[in-house]
>>> print(open('upload16.cif').read())   # mmCIF, C-alpha atoms
data_entry
loop_
_atom_site.group_PDB
_atom_site.id
_atom_site.type_symbol
_atom_site.label_atom_id
_atom_site.label_comp_id
_atom_site.auth_asym_id
_atom_site.auth_seq_id
_atom_site.Cartn_x
_atom_site.Cartn_y
_atom_site.Cartn_z
ATOM 1 C CA GLU A 1 0.000 0.000 0.000
ATOM 2 C CA GLU A 2 1.453 3.331 -1.059
ATOM 3 C CA VAL A 3 1.773 6.052 1.582
ATOM 4 C CA LEU A 4 2.172 9.802 1.057
ATOM 5 C CA ILE A 5 4.596 11.548 3.416
ATOM 6 C CA SER A 6 4.046 15.275 4.016
ATOM 7 C CA ILE A 7 7.360 16.841 4.994
ATOM 8 C CA PRO A 8 8.041 20.367 6.279
ATOM 9 C CA THR A 9 10.860 21.180 3.901
ATOM 10 C CA GLY A 10 13.882 23.462 4.086
ATOM 11 C CA ALA A 11 17.064 22.058 2.558
ATOM 12 C CA CYS A 12 15.385 18.802 1.347
ATOM 13 C CA GLY A 13 17.383 16.407 3.533
ATOM 14 C CA ASN A 14 14.362 14.323 4.566
ATOM 15 C CA ILE A 15 13.113 14.134 0.998
ATOM 16 C CA ALA A 16 16.547 13.081 -0.260
ATOM 17 C CA SER A 17 16.734 10.259 2.292
ATOM 18 C CA GLY A 18 13.135 9.344 1.509
ATOM 19 C CA ILE A 19 13.938 9.022 -2.179
ATOM 20 C CA LEU A 20 16.676 6.532 -1.282
ATOM 21 C CA ALA A 21 14.159 4.529 0.763
ATOM 22 C CA GLN A 22 11.769 4.654 -2.181
ATOM 23 C CA LYS A 23 14.470 3.324 -4.508
ATOM 24 C CA MET A 24 15.003 0.466 -2.060
ATOM 25 C CA GLY A 25 11.350 -0.512 -2.468
ATOM 26 C CA LEU A 26 9.452 1.445 0.188
ATOM 27 C CA PRO A 27 6.080 2.442 -1.401
ATOM 28 C CA ILE A 28 6.105 6.161 -0.578
ATOM 29 C CA LYS A 29 5.784 9.496 -2.337
ATOM 30 C CA PHE A 30 6.220 12.979 -0.946
ATOM 31 C CA ILE A 31 4.408 16.224 -0.278
ATOM 32 C CA ALA A 32 6.936 19.021 0.265
ATOM 33 C CA GLY A 33 5.597 21.952 2.260
ATOM 34 C CA VAL A 34 7.744 25.081 2.410
ATOM 35 C CA ASN A 35 7.219 28.491 3.998
ATOM 36 C CA HIS A 36 7.420 31.762 2.068
ATOM 37 C CA ASN A 37 11.102 31.061 1.361
ATOM 38 C CA ASP A 38 9.882 28.967 -1.538
ATOM 39 C CA ILE A 39 12.840 28.158 -3.789
ATOM 40 C CA VAL A 40 12.199 24.404 -3.364
ATOM 41 C CA HIS A 41 8.557 24.804 -4.382
ATOM 42 C CA GLN A 42 9.563 26.863 -7.414
ATOM 43 C CA CYS A 43 12.033 24.194 -8.502
ATOM 44 C CA ILE A 44 9.638 21.256 -8.076
ATOM 45 C CA SER A 45 6.675 23.040 -9.656
ATOM 46 C CA THR A 46 8.436 24.801 -12.553
ATOM 47 C CA GLY A 47 11.911 23.252 -12.874
ATOM 48 C CA CYS A 48 13.548 26.650 -12.340
ATOM 49 C CA LEU A 49 16.084 27.037 -9.544
ATOM 50 C CA ASP A 50 16.611 30.784 -9.238
ATOM 51 C CA GLN A 51 18.254 31.771 -5.967
ATOM 52 C CA PRO A 52 16.668 34.874 -4.362
ATOM 53 C CA ASP A 53 18.794 37.632 -2.894
ATOM 54 C CA ASP A 54 17.328 37.368 0.603
ATOM 55 C CA VAL A 55 15.996 34.936 3.173
ATOM 56 C CA VAL A 56 12.839 36.269 4.852
ATOM 57 C CA MET A 57 12.216 35.373 8.487
ATOM 58 C CA SER A 58 9.157 33.172 9.055
ATOM 59 C CA HIS A 59 7.304 31.462 11.897
ATOM 60 C CA ALA A 60 8.934 28.196 10.757
ATOM 61 C CA SER A 61 12.449 29.527 11.174
ATOM 62 C CA ALA A 62 14.357 26.239 10.716
ATOM 63 C CA MET A 63 12.966 26.165 7.181
ATOM 64 C CA ASP A 64 14.136 29.674 6.261
ATOM 65 C CA VAL A 65 16.352 28.292 3.509
ATOM 66 C CA GLN A 66 17.052 29.687 0.052
ATOM 67 C CA ILE A 67 20.023 27.419 -0.724
ATOM 68 C CA PRO A 68 18.507 23.898 -0.592
ATOM 69 C CA TYR A 69 21.786 22.017 -0.809
ATOM 70 C CA ASN A 70 20.113 18.590 -0.812
ATOM 71 C CA MET A 71 18.124 19.397 -3.952
ATOM 72 C CA GLU A 72 21.084 18.183 -5.999
ATOM 73 C CA ARG A 73 20.856 14.824 -4.234
ATOM 74 C CA VAL A 74 17.094 14.634 -4.806
ATOM 75 C CA VAL A 75 17.451 15.159 -8.559
ATOM 76 C CA SER A 76 20.491 12.897 -8.804
ATOM 77 C CA PHE A 77 18.836 10.036 -6.889
ATOM 78 C CA ILE A 78 15.673 10.280 -8.990
ATOM 79 C CA THR A 79 17.317 10.573 -12.408
ATOM 80 C CA ASP A 80 20.344 8.289 -11.806
ATOM 81 C CA ASP A 81 22.484 10.698 -13.811
ATOM 82 C CA ALA A 82 24.925 12.089 -11.274
ATOM 83 C CA SER A 83 27.432 13.563 -13.721
ATOM 84 C CA VAL A 84 24.841 15.640 -15.602
ATOM 85 C CA VAL A 85 23.195 16.785 -12.369
ATOM 86 C CA ALA A 86 26.563 17.730 -10.861
ATOM 87 C CA GLN A 87 27.277 19.891 -13.909
ATOM 88 C CA GLN A 88 23.860 21.577 -13.685
ATOM 89 C CA PHE A 89 24.180 22.329 -9.995
ATOM 90 C CA GLY A 90 27.738 23.498 -10.470
ATOM 91 C CA GLN A 91 26.217 26.180 -12.691
ATOM 92 C CA TRP A 92 23.691 27.010 -9.980
ATOM 93 C CA TYR A 93 26.350 27.315 -7.277
ATOM 94 C CA SER A 94 28.316 29.733 -9.453
ATOM 95 C CA THR A 95 25.485 31.775 -11.011
ATOM 96 C CA GLY A 96 22.453 31.230 -8.763
ATOM 97 C CA LYS A 97 20.365 30.071 -11.727
ATOM 98 C CA MET A 98 19.643 26.778 -13.481
ATOM 99 C CA ASP A 99 16.780 24.821 -15.021
ATOM 100 C CA LEU A 100 15.915 21.156 -14.850
ATOM 101 C CA THR A 101 15.361 19.487 -18.206
ATOM 102 C CA PRO A 102 11.739 18.595 -19.037
ATOM 103 C CA SER A 103 12.585 14.919 -18.489
ATOM 104 C CA GLN A 104 14.148 15.610 -15.093
ATOM 105 C CA LEU A 105 11.202 17.735 -13.990
ATOM 106 C CA MET A 106 8.711 15.065 -15.043
ATOM 107 C CA ARG A 107 10.542 12.391 -13.043
ATOM 108 C CA VAL A 108 10.768 14.612 -9.966
ATOM 109 C CA GLN A 109 7.066 15.472 -10.150
ATOM 110 C CA GLU A 110 6.150 11.797 -10.355
ATOM 111 C CA ARG A 111 7.508 11.446 -6.827
ATOM 112 C CA VAL A 112 7.179 14.856 -5.163
ATOM 113 C CA TRP A 113 4.391 17.456 -5.063
ATOM 114 C CA SER A 114 5.127 20.806 -3.437
ATOM 115 C CA THR A 115 3.361 23.870 -2.121
ATOM 116 C CA SER A 116 4.191 27.079 -0.256
ATOM 117 C CA ILE A 117 2.436 27.949 3.016
ATOM 118 C CA PRO A 118 1.974 31.650 3.937
ATOM 119 C CA GLN A 119 2.574 32.984 7.428
ATOM 120 C CA ASP A 120 -1.107 33.387 8.341
ATOM 121 C CA ASP A 121 -1.857 29.827 7.214
ATOM 122 C CA ILE A 122 0.798 28.484 9.581
ATOM 123 C CA LEU A 123 -0.914 30.147 12.554
ATOM 124 C CA GLU A 124 -4.367 29.119 11.364
ATOM 125 C CA THR A 125 -3.283 25.485 11.035
ATOM 126 C CA MET A 126 -1.835 25.487 14.536
ATOM 127 C CA ARG A 127 -5.213 26.682 15.845
ATOM 128 C CA GLU A 128 -7.139 24.166 13.726
ATOM 129 C CA VAL A 129 -5.135 21.185 14.954
ATOM 130 C CA VAL A 130 -5.697 22.195 18.578
ATOM 131 C CA ALA A 131 -9.440 22.624 17.952
ATOM 132 C CA GLU A 132 -9.832 19.372 16.022
ATOM 133 C CA TYR A 133 -7.446 17.045 17.842
ATOM 134 C CA SER A 134 -6.550 18.773 21.155
ATOM 135 C CA TYR A 135 -2.927 18.515 20.034
ATOM 136 C CA ASN A 136 -0.255 21.210 19.823
ATOM 137 C CA VAL A 137 1.917 21.340 16.719
ATOM 138 C CA CYS A 138 4.948 23.541 16.229
ATOM 139 C CA PRO A 139 4.986 25.982 13.274
ATOM 140 C CA HIS A 140 7.155 23.634 11.201
ATOM 141 C CA THR A 141 4.783 20.716 11.712
ATOM 142 C CA ALA A 142 1.905 23.056 10.838
ATOM 143 C CA VAL A 143 3.504 23.617 7.424
ATOM 144 C CA GLY A 144 3.451 19.857 6.796
ATOM 145 C CA VAL A 145 -0.159 19.537 7.955
ATOM 146 C CA ARG A 146 -1.285 22.478 5.825
ATOM 147 C CA ALA A 147 0.556 21.113 2.798
ATOM 148 C CA ALA A 148 -1.189 17.745 3.210
ATOM 149 C CA ARG A 149 -4.571 19.482 3.404
ATOM 150 C CA LYS A 150 -3.826 21.516 0.280
ATOM 151 C CA PHE A 151 -2.880 18.313 -1.513
ATOM 152 C CA CYS A 152 -6.193 16.717 -0.531
ATOM 153 C CA GLN A 153 -8.061 19.695 -1.998
ATOM 154 C CA SER A 154 -6.199 19.697 -5.332
ATOM 155 C CA PRO A 155 -7.345 17.323 -8.106
ATOM 156 C CA ASP A 156 -4.231 18.287 -10.106
ATOM 157 C CA ALA A 157 -2.048 17.165 -7.206
ATOM 158 C CA HIS A 158 -3.908 13.853 -7.010
ATOM 159 C CA ARG A 159 -3.282 13.216 -10.702
ATOM 160 C CA GLN A 160 0.405 14.030 -10.225
ATOM 161 C CA LEU A 161 1.143 11.574 -7.416
ATOM 162 C CA LEU A 162 -1.641 8.988 -7.371
ATOM 163 C CA PRO A 163 -1.687 6.209 -9.998
ATOM 164 C CA ASP A 164 -4.721 6.008 -12.258
ATOM 165 C CA GLY A 165 -7.677 4.631 -10.395
ATOM 166 C CA THR A 166 -6.169 5.136 -6.935
ATOM 167 C CA SER A 167 -8.585 6.767 -4.528
ATOM 168 C CA LEU A 168 -7.377 9.533 -2.248
ATOM 169 C CA SER A 169 -9.575 8.139 0.519
ATOM 170 C CA SER A 170 -7.665 4.846 0.393
ATOM 171 C CA THR A 171 -4.222 6.481 0.438
ATOM 172 C CA PRO A 172 -2.747 7.123 3.902
ATOM 173 C CA ILE A 173 -1.021 10.476 4.423
ATOM 174 C CA VAL A 174 1.581 10.812 7.185
ATOM 175 C CA CYS A 175 2.658 14.276 8.359
ATOM 176 C CA TYR A 176 6.122 14.661 9.841
ATOM 177 C CA ALA A 177 6.106 16.304 13.278
ATOM 178 C CA THR A 178 9.369 18.097 13.915
ATOM 179 C CA ALA A 179 9.475 19.642 17.407
ATOM 180 C CA THR A 180 7.546 20.502 20.543
ATOM 181 C CA LEU A 181 5.606 23.762 20.588
ATOM 182 C CA ALA A 182 7.335 24.521 23.896
ATOM 183 C CA LYS A 183 10.269 25.788 21.817
ATOM 184 C CA PHE A 184 8.111 28.375 20.034
ATOM 185 C CA LYS A 185 6.273 30.379 22.677
ATOM 186 C CA GLU A 186 6.284 33.598 20.655
ATOM 187 C CA VAL A 187 4.648 31.881 17.689
ATOM 188 C CA ALA A 188 2.150 30.153 19.977
ATOM 189 C CA ASP A 189 1.220 33.562 21.401
ATOM 190 C CA GLN A 190 0.635 34.911 17.899
ATOM 191 C CA ALA A 191 -1.575 31.904 17.141
ATOM 192 C CA GLY A 192 -3.502 32.484 20.353
ATOM 193 C CA ILE A 193 -2.770 29.061 21.824
ATOM 194 C CA ALA A 194 -0.941 27.995 24.972
ATOM 195 C CA ALA A 195 2.480 26.434 24.539
ATOM 196 C CA PRO A 196 3.302 23.549 26.889
ATOM 197 C CA CYS A 197 5.813 24.199 29.651
ATOM 198 C CA LEU A 198 8.717 21.744 29.746
ATOM 199 C CA PRO A 199 11.270 22.167 32.552
ATOM 200 C CA SER A 200 14.148 21.053 30.332
ATOM 201 C CA ILE A 201 13.383 23.819 27.848
ATOM 202 C CA GLU A 202 12.545 26.442 30.488
ATOM 203 C CA ALA A 203 15.986 25.831 31.992
ATOM 204 C CA LEU A 204 17.625 26.933 28.741
ATOM 205 C CA TYR A 205 16.316 30.474 29.210
ATOM 206 C CA THR A 206 18.276 30.784 32.469
ATOM 207 C CA LEU A 207 21.618 30.055 30.814
ATOM 208 C CA PRO A 208 23.940 32.818 29.583
ATOM 209 C CA GLU A 209 23.848 33.527 25.856
ATOM 210 C CA LYS A 210 27.056 32.932 23.921
ATOM 211 C CA ALA A 211 27.723 34.019 20.371
ATOM 212 C CA ARG A 212 30.606 34.542 17.972
ATOM 213 C CA LEU A 213 30.081 37.233 15.379
ATOM 214 C CA LEU A 214 31.003 36.070 11.874
ATOM 215 C CA ARG A 215 31.636 38.954 9.520
ATOM 216 C CA LYS A 216 31.398 38.967 5.768
ATOM 217 C CA GLY A 217 34.815 38.129 4.379
ATOM 218 C CA ASP A 218 35.847 35.965 7.349
ATOM 219 C CA ASP A 219 36.749 32.340 6.718
ATOM 220 C CA TRP A 220 33.607 30.942 8.363
ATOM 221 C CA GLN A 221 34.553 27.336 7.687
ATOM 222 C CA ALA A 222 37.906 27.710 9.421
ATOM 223 C CA ILE A 223 36.340 29.564 12.367
ATOM 224 C CA VAL A 224 33.645 26.920 12.886
ATOM 225 C CA ARG A 225 36.146 24.083 12.473
ATOM 226 C CA GLN A 226 38.466 25.638 15.045
ATOM 227 C CA ARG A 227 35.609 26.054 17.533
ATOM 228 C CA ILE A 228 34.520 22.434 17.067
ATOM 229 C CA GLU A 229 38.074 21.291 17.733
ATOM 230 C CA GLU A 230 38.260 23.470 20.868
ATOM 231 C CA ILE A 231 34.992 22.089 22.254
ATOM 232 C CA SER A 232 36.020 18.524 21.399
ATOM 233 C CA ALA A 233 39.308 18.983 23.265
ATOM 234 C CA LEU A 234 37.469 20.374 26.307
ATOM 235 C CA ARG A 235 35.078 17.441 26.334
ATOM 236 C CA LYS A 236 37.948 14.947 26.133
ATOM 237 C CA CYS A 237 39.528 16.398 29.258
ATOM 238 C CA ARG A 238 36.060 16.722 30.860
ATOM 239 C CA CYS A 239 36.453 20.494 31.164
ATOM 240 C CA LEU A 240 33.531 22.833 30.701
ATOM 241 C CA PRO A 241 33.764 25.544 27.999
ATOM 242 C CA ASP A 242 33.795 29.161 29.144
#
>>> encode(input="upload16.cif", output="structure tokens")
Amino acid sequence: EEVLISIPTGACGNIASGILAQKMGLPIKFIAGVNHNDIVHQCISTGCLDQPDDVVMSHASAMDVQIPYNMERVVSFITDDASVVAQQFGQWYSTGKMDLTPSQLMRVQERVWSTSIPQDDILETMREVVAEYSYNVCPHTAVGVRAARKFCQSPDAHRQLLPDGTSLSSTPIVCYATATLAKFKEVADQAGIAAPCLPSIEALYTLPEKARLLRKGDDWQAIVRQRIEEISALRKCRCLPD
């Protein structure tokens, strides 16, 4: 029995791993829900990967991605043509623009349907799930739920993913849940719902904030690598970082 998986999508890592599972025989296809940073939706729906200049903050902040680095893997896994895909994405990394071929786009759309969820719809979905199921979802999970509902309401989407003669009512849809709403009190307040209180998360707000400013032009990779090595060394000697 085929199952549709609705995934809150940022850099496409879950979809890429899901495609591998599909190639191994798991009967699944995917609904990719993105927020208003919608480069993934544009690519899956039109075949055009045109990198915007800015990332716009959203309620689903972990999905505020405009460089979906796993998209190359998704296309490569689906088309089984790694060398061509590597060349295409090499162009994208250097210019910020590329287009899938019609054949590539068709094969991607046979496996993945996508949609973009606006800010207000995220909050509305959070309220709806509480009202209907007495269950709190985080804003990222709300994107997946809303995307699944949009799919159910779209005959064109059904034709894209469901084989001829397959009934939507007989096709299970699973929505990925990504985090507890306790991590997103500000968004919960905007939605008008109460976030749960978890002591382990509340304790984080009592800790001092630590940050390292990375400026444009700095070697960010070297800075991050050095910090990882410092923390690893401290852990080995069971010392606590400053």
>>> resolve_selection(input="upload16.cif", expression="the PyMOL selection byres ((chain A and resi 8) around 8)", output="CSV table (one decimal) with C-alpha atoms, in the frame of the given file")
chain,number,residue,atom,x,y,z
A,6,SER,CA,4.0,15.3,4.0
A,7,ILE,CA,7.4,16.8,5.0
A,9,THR,CA,10.9,21.2,3.9
A,10,GLY,CA,13.9,23.5,4.1
A,32,ALA,CA,6.9,19.0,0.3
A,33,GLY,CA,5.6,22.0,2.3
A,34,VAL,CA,7.7,25.1,2.4
A,63,MET,CA,13.0,26.2,7.2
A,140,HIS,CA,7.2,23.6,11.2
A,141,THR,CA,4.8,20.7,11.7
A,143,VAL,CA,3.5,23.6,7.4
A,144,GLY,CA,3.5,19.9,6.8
A,176,TYR,CA,6.1,14.7,9.8
>>> closest_residue(input="upload16.cif", among="A:Ala222, A:Ile122, A:Leu207, A:Ala233", to="Gln190 (chain A)", atoms="only C-alpha atoms")
A:Ile122
>>> axis_aligned_box(input="upload16.cif", around="region 130-134 of chain A", padding_each_side="5 Å", output="lines of an AutoDock Vina configuration file")
center_x = -7.8
center_y = 19.8
center_z = 18.6
size_x = 14.1
size_y = 15.6
size_z = 15.1
>>> atom_distance(input="upload16.cif", atom1="CA of Arg149 (chain A)", atom2="CA of Ala62 (chain A)")
21.4 Å
>>> closest_residue(input="upload16.cif", among="A:Val112, A:Ala86, A:Ile31, A:Met126", to="Gly192 (chain A)", atoms="all atoms listed in the file")
A:Met126
>>> atom_distance(input="upload16.cif", atom1="CA of Val40 (chain A)", atom2="CA of Cys152 (chain A)")
20.1 Å
>>> closest_residue(input="upload16.cif", among="A:Met106, A:Val84, A:Ala182, A:Ala60", to="Gln160 (chain A)", atoms="all atoms listed in the file")
A:Met106
>>> residues_near_point(input="upload16.cif", point="(-4.3, 31.6, 19.3)", cutoff="12 Å", atoms="all atoms listed in the file", output="PyMOL selection string")
chain A and resi 120+122-131+136+185-195
>>> atom_distance(input="upload16.cif", atom1="CA of Val75 (chain A)", atom2="CA of Pro27 (chain A)")
18.5 Å
>>> residues_around(input="upload16.cif", residues="Pro68 (chain A)", least_positions_apart="3", cutoff="10 Å", atoms="all atoms listed in the file", output="PyMOL selection string")
chain A and resi 9-13+39-40+49+51+63-65+71-72
>>> resolve_selection(input="upload16.cif", expression="the PyMOL selection byres ((chain A and resi 109) around 8)", output="PyMOL selection string")
chain A and resi 44-45+105-108+110-113+160-161
>>> write_last_selection(input="upload16.cif", atoms="C-alpha atoms", output="compact mmCIF listing (two decimals), keeping the file's coordinate frame")
# COMPACT_ATOMS: atom_id res chain seq x y z
CA ILE A 44 9.64 21.26 -8.08
CA SER A 45 6.68 23.04 -9.66
CA LEU A 105 11.20 17.74 -13.99
CA MET A 106 8.71 15.06 -15.04
CA ARG A 107 10.54 12.39 -13.04
CA VAL A 108 10.77 14.61 -9.97
CA GLU A 110 6.15 11.80 -10.36
CA ARG A 111 7.51 11.45 -6.83
CA VAL A 112 7.18 14.86 -5.16
CA TRP A 113 4.39 17.46 -5.06
CA GLN A 160 0.40 14.03 -10.22
CA LEU A 161 1.14 11.57 -7.42
>>> resolve_selection(input="upload16.cif", expression="the PyMOL selection byres ((chain A and resi 29) around 7)", output="PyMOL selection string")
chain A and resi 3-5+28+30+111-112
>>> closest_residue(input="upload16.cif", among="A:Asp38, A:Arg73, A:His158, A:Gly18", to="Pro118 (chain A)", atoms="all atoms listed in the file")
A:Asp38
>>> decode(input="upload16.cif", residues="region 55-66 of chain A", atoms="all heavy atoms", output="PDB file, in the first residue's frame")
ATOM      1  N   VAL A  55      16.815  35.870   2.411  1.00  0.00           N
ATOM      2  CA  VAL A  55      15.996  34.936   3.173  1.00  0.00           C
ATOM      3  C   VAL A  55      15.103  35.762   4.085  1.00  0.00           C
ATOM      4  O   VAL A  55      15.578  36.672   4.771  1.00  0.00           O
ATOM      5  CB  VAL A  55      16.871  33.989   4.022  1.00  0.00           C
ATOM      6  CG1 VAL A  55      16.004  33.099   4.906  1.00  0.00           C
ATOM      7  CG2 VAL A  55      17.763  33.144   3.126  1.00  0.00           C
ATOM      8  N   VAL A  56      13.799  35.493   4.071  1.00  0.00           N
ATOM      9  CA  VAL A  56      12.839  36.269   4.852  1.00  0.00           C
ATOM     10  C   VAL A  56      12.437  35.465   6.075  1.00  0.00           C
ATOM     11  O   VAL A  56      12.027  34.306   5.955  1.00  0.00           O
ATOM     12  CB  VAL A  56      11.599  36.618   4.004  1.00  0.00           C
ATOM     13  CG1 VAL A  56      10.628  37.466   4.824  1.00  0.00           C
ATOM     14  CG2 VAL A  56      12.005  37.365   2.732  1.00  0.00           C
ATOM     15  N   MET A  57      12.554  36.068   7.254  1.00  0.00           N
ATOM     16  CA  MET A  57      12.216  35.373   8.487  1.00  0.00           C
ATOM     17  C   MET A  57      10.760  34.919   8.479  1.00  0.00           C
ATOM     18  O   MET A  57       9.869  35.639   8.027  1.00  0.00           O
ATOM     19  CB  MET A  57      12.476  36.280   9.689  1.00  0.00           C
ATOM     20  CG  MET A  57      12.276  35.603  11.035  1.00  0.00           C
ATOM     21  SD  MET A  57      12.619  36.706  12.434  1.00  0.00           S
ATOM     22  CE  MET A  57      14.382  36.995  12.177  1.00  0.00           C
ATOM     23  N   SER A  58      10.518  33.712   9.003  1.00  0.00           N
ATOM     24  CA  SER A  58       9.157  33.172   9.055  1.00  0.00           C
ATOM     25  C   SER A  58       8.894  32.566  10.428  1.00  0.00           C
ATOM     26  O   SER A  58       9.797  32.439  11.258  1.00  0.00           O
ATOM     27  CB  SER A  58       8.951  32.111   7.970  1.00  0.00           C
ATOM     28  OG  SER A  58       9.524  30.880   8.366  1.00  0.00           O
ATOM     29  N   HIS A  59       7.637  32.160  10.657  1.00  0.00           N
ATOM     30  CA  HIS A  59       7.304  31.462  11.897  1.00  0.00           C
ATOM     31  C   HIS A  59       8.022  30.112  11.973  1.00  0.00           C
ATOM     32  O   HIS A  59       8.365  29.654  13.061  1.00  0.00           O
ATOM     33  CB  HIS A  59       5.792  31.234  11.974  1.00  0.00           C
ATOM     34  CG  HIS A  59       4.980  32.492  12.008  1.00  0.00           C
ATOM     35  ND1 HIS A  59       5.310  33.569  12.802  1.00  0.00           N
ATOM     36  CD2 HIS A  59       3.839  32.854  11.336  1.00  0.00           C
ATOM     37  CE1 HIS A  59       4.404  34.536  12.631  1.00  0.00           C
ATOM     38  NE2 HIS A  59       3.527  34.117  11.755  1.00  0.00           N
ATOM     39  N   ALA A  60       8.244  29.490  10.822  1.00  0.00           N
ATOM     40  CA  ALA A  60       8.934  28.196  10.757  1.00  0.00           C
ATOM     41  C   ALA A  60      10.396  28.452  10.436  1.00  0.00           C
ATOM     42  O   ALA A  60      10.872  28.197   9.325  1.00  0.00           O
ATOM     43  CB  ALA A  60       8.278  27.296   9.714  1.00  0.00           C
ATOM     44  N   SER A  61      11.130  28.948  11.424  1.00  0.00           N
ATOM     45  CA  SER A  61      12.449  29.527  11.174  1.00  0.00           C
ATOM     46  C   SER A  61      13.494  28.510  10.725  1.00  0.00           C
ATOM     47  O   SER A  61      14.432  28.862   9.999  1.00  0.00           O
ATOM     48  CB  SER A  61      12.944  30.237  12.440  1.00  0.00           C
ATOM     49  OG  SER A  61      12.935  29.340  13.548  1.00  0.00           O
ATOM     50  N   ALA A  62      13.376  27.242  11.137  1.00  0.00           N
ATOM     51  CA  ALA A  62      14.357  26.239  10.716  1.00  0.00           C
ATOM     52  C   ALA A  62      14.255  25.931   9.234  1.00  0.00           C
ATOM     53  O   ALA A  62      15.144  25.288   8.666  1.00  0.00           O
ATOM     54  CB  ALA A  62      14.181  24.950  11.530  1.00  0.00           C
ATOM     55  N   MET A  63      13.161  26.387   8.609  1.00  0.00           N
ATOM     56  CA  MET A  63      12.966  26.165   7.181  1.00  0.00           C
ATOM     57  C   MET A  63      13.208  27.442   6.371  1.00  0.00           C
ATOM     58  O   MET A  63      12.863  27.492   5.189  1.00  0.00           O
ATOM     59  CB  MET A  63      11.538  25.650   6.927  1.00  0.00           C
ATOM     60  CG  MET A  63      11.278  24.293   7.552  1.00  0.00           C
ATOM     61  SD  MET A  63       9.533  23.977   7.839  1.00  0.00           S
ATOM     62  CE  MET A  63       8.835  24.329   6.238  1.00  0.00           C
ATOM     63  N   ASP A  64      13.810  28.440   6.982  1.00  0.00           N
ATOM     64  CA  ASP A  64      14.136  29.674   6.261  1.00  0.00           C
ATOM     65  C   ASP A  64      15.410  29.432   5.453  1.00  0.00           C
ATOM     66  O   ASP A  64      16.511  29.836   5.829  1.00  0.00           O
ATOM     67  CB  ASP A  64      14.319  30.832   7.241  1.00  0.00           C
ATOM     68  CG  ASP A  64      13.013  31.253   7.886  1.00  0.00           C
ATOM     69  OD1 ASP A  64      11.951  30.834   7.390  1.00  0.00           O
ATOM     70  OD2 ASP A  64      13.055  31.988   8.891  1.00  0.00           O
ATOM     71  N   VAL A  65      15.232  28.747   4.337  1.00  0.00           N
ATOM     72  CA  VAL A  65      16.352  28.292   3.509  1.00  0.00           C
ATOM     73  C   VAL A  65      16.121  28.733   2.066  1.00  0.00           C
ATOM     74  O   VAL A  65      15.043  28.530   1.513  1.00  0.00           O
ATOM     75  CB  VAL A  65      16.477  26.749   3.566  1.00  0.00           C
ATOM     76  CG1 VAL A  65      17.544  26.259   2.593  1.00  0.00           C
ATOM     77  CG2 VAL A  65      16.788  26.285   4.981  1.00  0.00           C
ATOM     78  N   GLN A  66      17.113  29.350   1.474  1.00  0.00           N
ATOM     79  CA  GLN A  66      17.052  29.687   0.052  1.00  0.00           C
ATOM     80  C   GLN A  66      18.200  29.046  -0.725  1.00  0.00           C
ATOM     81  O   GLN A  66      18.369  29.300  -1.909  1.00  0.00           O
ATOM     82  CB  GLN A  66      17.065  31.206  -0.141  1.00  0.00           C
ATOM     83  CG  GLN A  66      15.845  31.931   0.431  1.00  0.00           C
ATOM     84  CD  GLN A  66      14.588  31.770  -0.415  1.00  0.00           C
ATOM     85  OE1 GLN A  66      14.322  30.698  -0.954  1.00  0.00           O
ATOM     86  NE2 GLN A  66      13.800  32.824  -0.530  1.00  0.00           N
TER      87      GLN A  66
END
